[in-house]
Amino acid sequence: MASKDEIRCFVVGDLQTNCYAYVCDGECLVIDPGASGAQIAEALSDVRVVRIVATHRHLDHVGGIRALVEATGVPWCIGHLDADDAPRAVEISSHMFEDRPDVSNPPTPDGVLHEGDVVELGTARFKVIETPGHTPGGIVLLGEGTAEGVAFVGDTLFAGSCGRTDLAGGSWEQMSRTLERLAQVIPPNTTILSGHGPATTMEHELGTNPYLQPGAWRPSHGEA
Ligand SMILES: [Zn+2]
């Protein structure tokens, strides 16, 4: 991990979503609390949670936001094109079959993120890259400052694979353009932290991930 800050990962919910807590100087940004918001808040009681960001609108990434907001009182935000549908995630994401007490619709977002926006957390900064394909408003957070060397990529990119595009709002055409762009803008020595599964590096994915090879066009059979 190139960053000198601390990154914690909580695996939550039926779909084993990676919820990340990025901690810089005692302040914490929570990314994708997909379930178990109250437990996440408890696990982060030693730091000051200041903001929540969701990489996209699917229930397994936003299902824990309401409880986390209730416990911490902090604002949450999401890519502008996923903002309208996020508060209906339970209804929209019915394919995920999550019916559990620690998952619920998030409240209306307090803010929306656009391409080029920067989410700041002390000396860490995260540049927003819009990455449509898995959902219309999906985003990647590319670390800068003391967060340089990490990228939170949600369900856009996985170790050896990419996000599925057959769900509502998904588009393989957009996904293939997004992947082509990520291959260019994410430095090879970046640690890739995905919404599901293990961490990887951009260098490893550029060399091995079939969806990142030049000219790769494959039918929409990604994952998660
Ligand atoms: Zn998803």
# chains A, B, ... in the order shown; residues from 1 in each chain; ligands from 1

call {"tool": "residues_around", "arguments": {"residues": "A:Gln174", "least_positions_apart": "5", "cutoff": "10 Å", "atoms": "only C-alpha atoms", "output": "list of chain:residue names"}}
result
A:Thr131, A:Pro132, A:Gly133, A:His134, A:Thr135, A:Pro136, A:Thr165, A:Leu179, A:Glu180

call {"tool": "residues_near_ligand", "arguments": {"ligand": "ligand 1", "cutoff": "10 Å", "atoms": "only C-alpha atoms and all ligand atoms", "output": "MDAnalysis selection string"}}
result
chainID A and resid 15 17 55:62 93 96 134:135 138 154:156 163:165 167 170 195:196 223:224

call {"tool": "residues_around", "arguments": {"residues": "A:Gly215", "least_positions_apart": "2", "cutoff": "12 Å", "atoms": "only C-alpha atoms", "output": "PyMOL selection string"}}
result
chain A and resi 176-177+179-180+183+210-213+217-218

call {"tool": "closest_residue", "arguments": {"among": "A:Gly145, A:Gly37, A:Gly26, A:Pro214", "to": "A:Gly13", "atoms": "only C-alpha atoms"}}
result
A:Gly37

call {"tool": "residues_around", "arguments": {"residues": "A:Gln39", "least_positions_apart": "3", "cutoff": "10 Å", "atoms": "only C-alpha atoms", "output": "ChimeraX atom specification"}}
result
/A:10,12,35-36,42-45,64,67-68,71,102

call {"tool": "closest_residue", "arguments": {"among": "A:Leu29, A:Ala159, A:Val74, A:Ala151", "to": "A:Gly111", "atoms": "only C-alpha atoms"}}
result
A:Val74

call {"tool": "select_by_dssp", "arguments": {"residues": "stretch 54-90 of chain A", "states": "helix (DSSP H, G or I)", "output": "mmCIF file with C-alpha atoms, in the first residue's frame"}}
result
data_model
loop_
_atom_site.group_PDB
_atom_site.id
_atom_site.type_symbol
_atom_site.label_atom_id
_atom_site.label_comp_id
_atom_site.auth_asym_id
_atom_site.auth_seq_id
_atom_site.Cartn_x
_atom_site.Cartn_y
_atom_site.Cartn_z
ATOM 1 C CA LEU A 59 -28.228 -1.884 -2.608
ATOM 2 C CA ASP A 60 -25.163 -3.900 -1.680
ATOM 3 C CA HIS A 61 -23.198 -0.631 -1.679
ATOM 4 C CA VAL A 62 -25.718 1.779 -0.127
ATOM 5 C CA ILE A 65 -25.860 4.175 4.739
ATOM 6 C CA ARG A 66 -29.061 5.031 6.622
ATOM 7 C CA ALA A 67 -27.932 3.343 9.826
ATOM 8 C CA LEU A 68 -24.429 4.795 9.509
ATOM 9 C CA VAL A 69 -25.854 8.288 8.969
ATOM 10 C CA GLU A 70 -28.152 7.850 11.960
ATOM 11 C CA ALA A 71 -25.199 6.818 14.102
ATOM 12 C CA THR A 72 -22.766 9.508 12.935
ATOM 13 C CA HIS A 80 -24.839 12.595 -9.870
ATOM 14 C CA LEU A 81 -26.336 10.123 -12.328
ATOM 15 C CA ASP A 82 -26.985 7.544 -9.587
ATOM 16 C CA ALA A 86 -30.177 5.520 -4.806
ATOM 17 C CA PRO A 87 -32.967 6.171 -2.258
ATOM 18 C CA ARG A 88 -34.991 3.426 -3.998
ATOM 19 C CA ALA A 89 -32.173 0.910 -3.937
ATOM 20 C CA VAL A 90 -34.225 -1.780 -2.194
#

call {"tool": "residues_around", "arguments": {"residues": "A:Cys24", "least_positions_apart": "3", "cutoff": "7 Å", "atoms": "only C-alpha atoms", "output": "PyMOL selection string"}}
result
chain A and resi 5-6+27-28+121-122+124

call {"tool": "write_last_selection", "arguments": {"atoms": "C-alpha atoms", "output": "mmCIF file, in the first residue's frame"}}
result
data_model
loop_
_atom_site.group_PDB
_atom_site.id
_atom_site.type_symbol
_atom_site.label_atom_id
_atom_site.label_comp_id
_atom_site.auth_asym_id
_atom_site.auth_seq_id
_atom_site.Cartn_x
_atom_site.Cartn_y
_atom_site.Cartn_z
ATOM 1 C CA ASP A 5 -2.758 6.651 5.834
ATOM 2 C CA GLU A 6 -4.802 3.747 7.155
ATOM 3 C CA GLU A 27 -10.763 11.561 10.376
ATOM 4 C CA CYS A 28 -12.496 8.898 8.360
ATOM 5 C CA LEU A 121 -9.908 14.242 3.916
ATOM 6 C CA GLY A 122 -7.051 16.004 5.680
ATOM 7 C CA ALA A 124 -5.680 12.794 1.477
#

call {"tool": "residues_around", "arguments": {"residues": "A:Ile78", "least_positions_apart": "6", "cutoff": "6 Å", "atoms": "only C-alpha atoms", "output": "list in words"}}
result
Val53, Ala54, Val112 and Leu113 of chain A

call {"tool": "closest_residue", "arguments": {"among": "A:Met175, A:Leu157, A:Ala21, A:Ile92", "to": "A:Leu206", "atoms": "only C-alpha atoms"}}
result
A:Leu157

call {"tool": "select_by_dssp", "arguments": {"residues": "stretch 53-109 of chain A", "states": "strand (DSSP E or B)", "output": "number ranges by chain"}}
result
A: 53-54, 76-79

call {"tool": "write_last_selection", "arguments": {"atoms": "N, CA and C atoms", "output": "CSV table (one decimal), in the first residue's frame"}}
result
chain,number,residue,atom,x,y,z
A,53,VAL,N,-19.2,8.1,1.1
A,53,VAL,CA,-19.3,8.1,-0.4
A,53,VAL,C,-19.7,6.7,-0.9
A,54,ALA,N,-20.7,6.7,-1.8
A,54,ALA,CA,-21.0,5.4,-2.4
A,54,ALA,C,-20.5,5.4,-3.9
A,76,TRP,N,-23.7,12.2,3.1
A,76,TRP,CA,-23.3,11.1,2.2
A,76,TRP,C,-23.5,11.6,0.8
A,77,CYS,N,-22.7,11.1,-0.1
A,77,CYS,CA,-22.8,11.6,-1.5
A,77,CYS,C,-22.5,10.4,-2.5
A,78,ILE,N,-22.9,10.6,-3.7
A,78,ILE,CA,-22.8,9.6,-4.8
A,78,ILE,C,-22.7,10.3,-6.1
A,79,GLY,N,-22.3,9.6,-7.2
A,79,GLY,CA,-22.2,10.2,-8.5
A,79,GLY,C,-23.6,10.7,-8.9

call {"tool": "closest_residue", "arguments": {"among": "A:Val118, A:Asn18, A:Thr178, A:Pro33", "to": "A:Asn105", "atoms": "only C-alpha atoms"}}
result
A:Pro33

call {"tool": "closest_residue", "arguments": {"among": "A:Glu203, A:Asp166, A:Asp84, A:Glu144", "to": "A:Asp110", "atoms": "only C-alpha atoms"}}
result
A:Asp84

call {"tool": "decode", "arguments": {"residues": "stretch 86-132 of chain A", "atoms": "C-alpha atoms", "output": "PDB file, in the first residue's frame"}}
result
ATOM      1  CA  ALA A  86     -30.177   5.520  -4.806  1.00  0.00           C
ATOM      2  CA  PRO A  87     -32.967   6.171  -2.258  1.00  0.00           C
ATOM      3  CA  ARG A  88     -34.991   3.426  -3.998  1.00  0.00           C
ATOM      4  CA  ALA A  89     -32.173   0.910  -3.937  1.00  0.00           C
ATOM      5  CA  VAL A  90     -34.225  -1.780  -2.194  1.00  0.00           C
ATOM      6  CA  GLU A  91     -36.842  -1.706  -4.954  1.00  0.00           C
ATOM      7  CA  ILE A  92     -34.361  -1.281  -7.818  1.00  0.00           C
ATOM      8  CA  SER A  93     -31.859  -3.866  -6.653  1.00  0.00           C
ATOM      9  CA  SER A  94     -34.394  -6.644  -6.137  1.00  0.00           C
ATOM     10  CA  HIS A  95     -32.026  -8.972  -7.978  1.00  0.00           C
ATOM     11  CA  MET A  96     -29.855  -8.967  -4.908  1.00  0.00           C
ATOM     12  CA  PHE A  97     -32.483 -10.683  -2.775  1.00  0.00           C
ATOM     13  CA  GLU A  98     -31.295  -9.022   0.361  1.00  0.00           C
ATOM     14  CA  ASP A  99     -33.981  -9.037   2.976  1.00  0.00           C
ATOM     15  CA  ARG A 100     -32.171  -8.446   6.205  1.00  0.00           C
ATOM     16  CA  PRO A 101     -32.607  -6.051   9.078  1.00  0.00           C
ATOM     17  CA  ASP A 102     -29.239  -4.354   8.565  1.00  0.00           C
ATOM     18  CA  VAL A 103     -30.043  -3.241   5.013  1.00  0.00           C
ATOM     19  CA  SER A 104     -32.364  -0.368   4.054  1.00  0.00           C
ATOM     20  CA  ASN A 105     -32.871   2.410   1.525  1.00  0.00           C
ATOM     21  CA  PRO A 106     -30.461   5.304   2.086  1.00  0.00           C
ATOM     22  CA  PRO A 107     -31.789   8.815   2.685  1.00  0.00           C
ATOM     23  CA  THR A 108     -31.647  11.366  -0.132  1.00  0.00           C
ATOM     24  CA  PRO A 109     -27.967  12.121  -0.821  1.00  0.00           C
ATOM     25  CA  ASP A 110     -26.593  15.300   0.745  1.00  0.00           C
ATOM     26  CA  GLY A 111     -24.406  15.938  -2.270  1.00  0.00           C
ATOM     27  CA  VAL A 112     -23.570  14.623  -5.718  1.00  0.00           C
ATOM     28  CA  LEU A 113     -20.186  14.093  -7.344  1.00  0.00           C
ATOM     29  CA  HIS A 114     -19.076  14.937 -10.870  1.00  0.00           C
ATOM     30  CA  GLU A 115     -16.058  14.136 -13.000  1.00  0.00           C
ATOM     31  CA  GLY A 116     -13.023  15.994 -11.666  1.00  0.00           C
ATOM     32  CA  ASP A 117     -14.494  16.732  -8.224  1.00  0.00           C
ATOM     33  CA  VAL A 118     -12.100  16.157  -5.363  1.00  0.00           C
ATOM     34  CA  VAL A 119     -13.164  14.625  -2.059  1.00  0.00           C
ATOM     35  CA  GLU A 120     -10.788  15.867   0.617  1.00  0.00           C
ATOM     36  CA  LEU A 121      -9.908  14.242   3.916  1.00  0.00           C
ATOM     37  CA  GLY A 122      -7.051  16.004   5.680  1.00  0.00           C
ATOM     38  CA  THR A 123      -3.948  15.455   3.564  1.00  0.00           C
ATOM     39  CA  ALA A 124      -5.680  12.794   1.477  1.00  0.00           C
ATOM     40  CA  ARG A 125      -7.584  13.679  -1.667  1.00  0.00           C
ATOM     41  CA  PHE A 126      -9.719  11.567  -3.958  1.00  0.00           C
ATOM     42  CA  LYS A 127     -10.344  12.597  -7.520  1.00  0.00           C
ATOM     43  CA  VAL A 128     -13.693  11.554  -8.937  1.00  0.00           C
ATOM     44  CA  ILE A 129     -13.659   9.704 -12.240  1.00  0.00           C
ATOM     45  CA  GLU A 130     -17.056   8.995 -13.753  1.00  0.00           C
ATOM     46  CA  THR A 131     -17.170   5.354 -14.794  1.00  0.00           C
ATOM     47  CA  PRO A 132     -20.525   4.511 -16.411  1.00  0.00           C
TER      48      PRO A 132
END
